Amino acid sequence: MVTTPPGCRFRRSGFATMGHGCLILAVLLLSSASLGAAIRDTPASRLALPSGPYLPIVLWHGMGDSCCNPQGIGAVQDRIQRALPGVFVHSVATGATESADVLSTYFGDANAQVRAACEALRALPQLAGGYVAVGFSQGGLLLRGLLERCTGEGAPAMHTLITMGSPHQGVMDVPGCWDVGGGAGAAWSWCKAMQALLGHGVYYSWLQHNLLQAQYFKDPYHLDWYRETSGFLADINNDRDARNSSYVAALTSLRSLVLYQFDNDLTVVPRESSQFGFYNGTHTESMEETAAYRDDRLGLRTLNESGRLTLANCPGFHMQFTLDWFEQHVLPHVAVPVADARVAATHPSRTA
């Protein structure tokens, strides 16, 4: 297992068992207002990063944000481009306008969004030599779906995948919409509408194809129901009996997988889901304790045993980080020189 630079630490923490009656669908609280408070611009720190040119970078934002929000993922993109001069950055949009992009983070079909993103990436000639992907919360899960499904002729190769507090094993319970949009405005109203719909049954077919958060909900007390009806997560996690070997091949093709977990995350529940852990009905298992890891159902054990998997724990609540922190701790994973990527492609056993 690879550890991270000082300031982020590898940690295994228990998760307080929640009663069956407490199960609610997770709401990933990445509103524009909360992002504006969390991702703050401060004077750039100076890092000894490798020399460019660098592999291009693809970003995918979380719930309540848009591709180019200057108070959210847009600020991250700007910091990356200032720190890595000349690097190409593409930020995934799932709506034609800013408001449509925000709305689509609540209401939509994850499968359709992954397909659309795949076609958009295929059309970018800048990605022909491969790219680095960075996903924020919900966006990290969608990027993994993209990695597994966007394959074949014309599909650019993902070299590195970095996810920040992403619910890779799904969510079982979180607080409500209390800080989305500051408790007012369109984002808050959409969040409340989403929760109201969930009250009618998270595994109903309509919700599994139209309510994004329902598509990665995982009830640890009704796993058979989850496997049968899940519209997205059960498939990309190979949780069904008929496993997709192409998903394993795609994940194990990565030169690096970096999974960040926030120590005080109250949004992704259990927080260990960010590193492929989950609550099994009696206690929370770490990634290595799960049957999916032991069976290498997705290829995580292969990545780990070959030194290509990094788990990083960072202090604070969900997505509460400054741009300086991002540049100091995450950017070294993002800055992949094109020359290093070519060496890794020539020598598959070597990690970049």
# chains A, B, ... in the order shown; residues from 1 in each chain; ligands from 1
>>> residues_around(residues="stretch 232-247 of chain A", least_positions_apart="4", cutoff="9 Å", atoms="only C-alpha atoms", output="list of chain:residue names")
A:Asp109, A:Ala110, A:Asn111, A:Leu141, A:Arg144, A:Gly145, A:Leu147, A:Glu148, A:Arg149, A:Thr151, A:His168, A:Gln169, A:Gly170, A:Gln208, A:His209, A:Gln215, A:Tyr216, A:Phe217, A:Lys218, A:Tyr226, A:Arg227, A:Glu228, A:Leu251, A:Thr252, A:Ala292, A:Arg297, A:Leu298, A:Gly299
>>> select_by_dssp(residues="stretch 76-168 of chain A", states="strand (DSSP E)", output="PyMOL selection string")
chain A and resi 89-91+131-136+158-164
>>> select_by_dssp(residues="stretch 81-216 of chain A", states="helix (DSSP H, G or I)", output="count of residues only")
66
>>> closest_residue(among="A:Tyr131, A:Tyr293, A:Tyr279, A:Tyr260", to="A:Gly316", atoms="only C-alpha atoms")
A:Tyr260
>>> residues_around(residues="A:Met158", least_positions_apart="6", cutoff="10 Å", atoms="only C-alpha atoms", output="list in words")
Ile57, Val58, Leu127, Gly129, Gly130, Tyr131, Val132, Ala133, Leu143, Arg144, Leu146, Leu147, Glu148, Cys150, Thr151, Ala250, Leu251, Ser253, Leu254, Arg255 and Ser256 of chain A
>>> atom_distance(atom1="atom CA of A:Val330", atom2="atom CA of A:Ser273")
19.3 Å
>>> residues_around(residues="A:Thr105", least_positions_apart="5", cutoff="7 Å", atoms="only C-alpha atoms", output="VMD selection string")
chain A and resid 63 to 64 212
>>> write_last_selection(atoms="C-alpha atoms", output="short mmCIF file (atom, residue, chain, number, x, y, z; two decimals), in the first residue's frame")
data_model
loop_
_atom_site.label_atom_id
_atom_site.label_comp_id
_atom_site.auth_asym_id
_atom_site.auth_seq_id
_atom_site.Cartn_x
_atom_site.Cartn_y
_atom_site.Cartn_z
CA MET A 63 -23.41 17.45 -6.79
CA GLY A 64 -24.63 21.04 -6.90
CA LEU A 212 -28.71 10.23 -9.65
#
>>> atom_distance(atom1="atom CA of A:Glu288", atom2="atom CA of A:Thr310")
13.1 Å
>>> residues_around(residues="A:Gly135", least_positions_apart="4", cutoff="7 Å", atoms="only C-alpha atoms", output="ChimeraX atom specification")
/A:59-61,139-140,143,162-164
>>> atom_distance(atom1="atom CA of A:Thr94", atom2="atom CA of A:Gln113")
6.4 Å
>>> residues_around(residues="stretch 88-90 of chain A", least_positions_apart="2", cutoff="10 Å", atoms="only C-alpha atoms", output="PyMOL selection string")
chain A and resi 53-60+67-68+77-78+80-81+84-86+92-93+120-121+124+126-127+131-133
>>> closest_residue(among="A:Val202, A:Leu309, A:Met172, A:Ala341", to="A:Asn280", atoms="only C-alpha atoms")
A:Met172
>>> closest_residue(among="A:Ala339, A:Leu49, A:Val171, A:Leu259", to="A:Glu327", atoms="only C-alpha atoms")
A:Leu49
>>> residues_around(residues="A:Leu211", least_positions_apart="6", cutoff="8 Å", atoms="only C-alpha atoms", output="ChimeraX atom specification")
/A:106-109,194
>>> write_last_selection(atoms="N, CA, C and O atoms", output="short mmCIF file (atom, residue, chain, number, x, y, z; two decimals), in the first residue's frame")
data_model
loop_
_atom_site.label_atom_id
_atom_site.label_comp_id
_atom_site.auth_asym_id
_atom_site.auth_seq_id
_atom_site.Cartn_x
_atom_site.Cartn_y
_atom_site.Cartn_z
N TYR A 106 -28.42 16.17 -9.83
CA TYR A 106 -29.47 15.59 -9.01
C TYR A 106 -30.34 14.64 -9.84
O TYR A 106 -30.58 13.50 -9.45
N PHE A 107 -30.80 15.14 -10.96
CA PHE A 107 -31.79 14.42 -11.75
C PHE A 107 -31.19 14.02 -13.09
O PHE A 107 -30.79 14.87 -13.89
N GLY A 108 -31.12 12.73 -13.33
CA GLY A 108 -30.55 12.22 -14.56
C GLY A 108 -30.20 10.75 -14.41
O GLY A 108 -30.44 10.14 -13.37
N ASP A 109 -29.66 10.19 -15.46
CA ASP A 109 -29.28 8.78 -15.51
C ASP A 109 -27.75 8.70 -15.54
O ASP A 109 -27.12 9.19 -16.47
N MET A 194 -35.47 16.09 -4.36
CA MET A 194 -34.85 14.77 -4.51
C MET A 194 -35.13 13.91 -3.30
O MET A 194 -35.51 12.74 -3.41
#
>>> closest_residue(among="A:Pro125, A:Gly95, A:Pro270, A:Pro220", to="A:Pro156", atoms="only C-alpha atoms")
A:Pro125
>>> decode(residues="stretch 110-122 of chain A", atoms="all heavy atoms", output="PDB file, in the first residue's frame")
ATOM      1  N   ALA A 110     -27.153   8.094 -14.519  1.00  0.00           N
ATOM      2  CA  ALA A 110     -25.692   7.994 -14.452  1.00  0.00           C
ATOM      3  C   ALA A 110     -25.139   7.281 -15.675  1.00  0.00           C
ATOM      4  O   ALA A 110     -24.071   7.657 -16.192  1.00  0.00           O
ATOM      5  CB  ALA A 110     -25.268   7.261 -13.181  1.00  0.00           C
ATOM      6  N   ASN A 111     -25.833   6.265 -16.143  1.00  0.00           N
ATOM      7  CA  ASN A 111     -25.359   5.527 -17.317  1.00  0.00           C
ATOM      8  C   ASN A 111     -25.301   6.431 -18.547  1.00  0.00           C
ATOM      9  O   ASN A 111     -24.326   6.409 -19.306  1.00  0.00           O
ATOM     10  CB  ASN A 111     -26.283   4.340 -17.580  1.00  0.00           C
ATOM     11  CG  ASN A 111     -26.346   3.394 -16.409  1.00  0.00           C
ATOM     12  OD1 ASN A 111     -25.378   2.728 -16.085  1.00  0.00           O
ATOM     13  ND2 ASN A 111     -27.493   3.332 -15.745  1.00  0.00           N
ATOM     14  N   ALA A 112     -26.344   7.237 -18.743  1.00  0.00           N
ATOM     15  CA  ALA A 112     -26.378   8.155 -19.880  1.00  0.00           C
ATOM     16  C   ALA A 112     -25.300   9.224 -19.752  1.00  0.00           C
ATOM     17  O   ALA A 112     -24.677   9.628 -20.742  1.00  0.00           O
ATOM     18  CB  ALA A 112     -27.759   8.796 -19.995  1.00  0.00           C
ATOM     19  N   GLN A 113     -25.072   9.704 -18.527  1.00  0.00           N
ATOM     20  CA  GLN A 113     -24.044  10.725 -18.324  1.00  0.00           C
ATOM     21  C   GLN A 113     -22.652  10.173 -18.624  1.00  0.00           C
ATOM     22  O   GLN A 113     -21.809  10.865 -19.210  1.00  0.00           O
ATOM     23  CB  GLN A 113     -24.127  11.273 -16.906  1.00  0.00           C
ATOM     24  CG  GLN A 113     -25.377  12.111 -16.672  1.00  0.00           C
ATOM     25  CD  GLN A 113     -25.391  12.804 -15.326  1.00  0.00           C
ATOM     26  OE1 GLN A 113     -24.417  12.794 -14.592  1.00  0.00           O
ATOM     27  NE2 GLN A 113     -26.517  13.419 -14.999  1.00  0.00           N
ATOM     28  N   VAL A 114     -22.403   8.936 -18.243  1.00  0.00           N
ATOM     29  CA  VAL A 114     -21.109   8.314 -18.548  1.00  0.00           C
ATOM     30  C   VAL A 114     -20.948   8.136 -20.058  1.00  0.00           C
ATOM     31  O   VAL A 114     -19.877   8.403 -20.615  1.00  0.00           O
ATOM     32  CB  VAL A 114     -20.969   6.973 -17.804  1.00  0.00           C
ATOM     33  CG1 VAL A 114     -19.802   6.157 -18.351  1.00  0.00           C
ATOM     34  CG2 VAL A 114     -20.786   7.211 -16.309  1.00  0.00           C
ATOM     35  N   ARG A 115     -22.013   7.712 -20.727  1.00  0.00           N
ATOM     36  CA  ARG A 115     -21.937   7.553 -22.195  1.00  0.00           C
ATOM     37  C   ARG A 115     -21.648   8.893 -22.871  1.00  0.00           C
ATOM     38  O   ARG A 115     -20.825   8.971 -23.787  1.00  0.00           O
ATOM     39  CB  ARG A 115     -23.245   6.960 -22.736  1.00  0.00           C
ATOM     40  CG  ARG A 115     -23.427   5.480 -22.464  1.00  0.00           C
ATOM     41  CD  ARG A 115     -24.550   4.908 -23.322  1.00  0.00           C
ATOM     42  NE  ARG A 115     -25.831   5.535 -23.035  1.00  0.00           N
ATOM     43  CZ  ARG A 115     -26.697   5.102 -22.120  1.00  0.00           C
ATOM     44  NH1 ARG A 115     -26.390   4.045 -21.379  1.00  0.00           N
ATOM     45  NH2 ARG A 115     -27.848   5.709 -21.934  1.00  0.00           N
ATOM     46  N   ALA A 116     -22.336   9.943 -22.441  1.00  0.00           N
ATOM     47  CA  ALA A 116     -22.146  11.257 -23.048  1.00  0.00           C
ATOM     48  C   ALA A 116     -20.729  11.768 -22.799  1.00  0.00           C
ATOM     49  O   ALA A 116     -20.096  12.346 -23.698  1.00  0.00           O
ATOM     50  CB  ALA A 116     -23.177  12.235 -22.486  1.00  0.00           C
ATOM     51  N   ALA A 117     -20.231  11.565 -21.592  1.00  0.00           N
ATOM     52  CA  ALA A 117     -18.857  11.998 -21.282  1.00  0.00           C
ATOM     53  C   ALA A 117     -17.852  11.234 -22.127  1.00  0.00           C
ATOM     54  O   ALA A 117     -16.848  11.792 -22.594  1.00  0.00           O
ATOM     55  CB  ALA A 117     -18.567  11.801 -19.798  1.00  0.00           C
ATOM     56  N   CYS A 118     -18.103   9.946 -22.340  1.00  0.00           N
ATOM     57  CA  CYS A 118     -17.209   9.133 -23.167  1.00  0.00           C
ATOM     58  C   CYS A 118     -17.138   9.684 -24.587  1.00  0.00           C
ATOM     59  O   CYS A 118     -16.046   9.829 -25.155  1.00  0.00           O
ATOM     60  CB  CYS A 118     -17.695   7.682 -23.179  1.00  0.00           C
ATOM     61  SG  CYS A 118     -16.697   6.588 -24.222  1.00  0.00           S
ATOM     62  N   GLU A 119     -18.289  10.020 -25.162  1.00  0.00           N
ATOM     63  CA  GLU A 119     -18.297  10.559 -26.517  1.00  0.00           C
ATOM     64  C   GLU A 119     -17.584  11.907 -26.571  1.00  0.00           C
ATOM     65  O   GLU A 119     -16.879  12.215 -27.542  1.00  0.00           O
ATOM     66  CB  GLU A 119     -19.736  10.690 -27.025  1.00  0.00           C
ATOM     67  CG  GLU A 119     -20.416   9.351 -27.269  1.00  0.00           C
ATOM     68  CD  GLU A 119     -19.578   8.426 -28.140  1.00  0.00           C
ATOM     69  OE1 GLU A 119     -19.180   8.859 -29.253  1.00  0.00           O
ATOM     70  OE2 GLU A 119     -19.296   7.289 -27.727  1.00  0.00           O
ATOM     71  N   ALA A 120     -17.751  12.717 -25.516  1.00  0.00           N
ATOM     72  CA  ALA A 120     -17.073  14.009 -25.482  1.00  0.00           C
ATOM     73  C   ALA A 120     -15.554  13.831 -25.433  1.00  0.00           C
ATOM     74  O   ALA A 120     -14.808  14.552 -26.122  1.00  0.00           O
ATOM     75  CB  ALA A 120     -17.546  14.811 -24.276  1.00  0.00           C
ATOM     76  N   LEU A 121     -15.079  12.864 -24.657  1.00  0.00           N
ATOM     77  CA  LEU A 121     -13.639  12.638 -24.555  1.00  0.00           C
ATOM     78  C   LEU A 121     -13.080  12.049 -25.855  1.00  0.00           C
ATOM     79  O   LEU A 121     -11.954  12.369 -26.252  1.00  0.00           O
ATOM     80  CB  LEU A 121     -13.318  11.715 -23.389  1.00  0.00           C
ATOM     81  CG  LEU A 121     -13.664  12.220 -21.982  1.00  0.00           C
ATOM     82  CD1 LEU A 121     -12.973  11.371 -20.927  1.00  0.00           C
ATOM     83  CD2 LEU A 121     -13.321  13.680 -21.785  1.00  0.00           C
ATOM     84  N   ARG A 122     -13.843  11.192 -26.495  1.00  0.00           N
ATOM     85  CA  ARG A 122     -13.400  10.627 -27.782  1.00  0.00           C
ATOM     86  C   ARG A 122     -13.166  11.727 -28.819  1.00  0.00           C
ATOM     87  O   ARG A 122     -12.338  11.583 -29.717  1.00  0.00           O
ATOM     88  CB  ARG A 122     -14.454   9.656 -28.324  1.00  0.00           C
ATOM     89  CG  ARG A 122     -14.498   8.300 -27.630  1.00  0.00           C
ATOM     90  CD  ARG A 122     -15.632   7.463 -28.211  1.00  0.00           C
ATOM     91  NE  ARG A 122     -15.785   6.174 -27.552  1.00  0.00           N
ATOM     92  CZ  ARG A 122     -15.176   5.063 -27.910  1.00  0.00           C
ATOM     93  NH1 ARG A 122     -14.349   5.071 -28.943  1.00  0.00           N
ATOM     94  NH2 ARG A 122     -15.376   3.939 -27.258  1.00  0.00           N
TER      95      ARG A 122
END
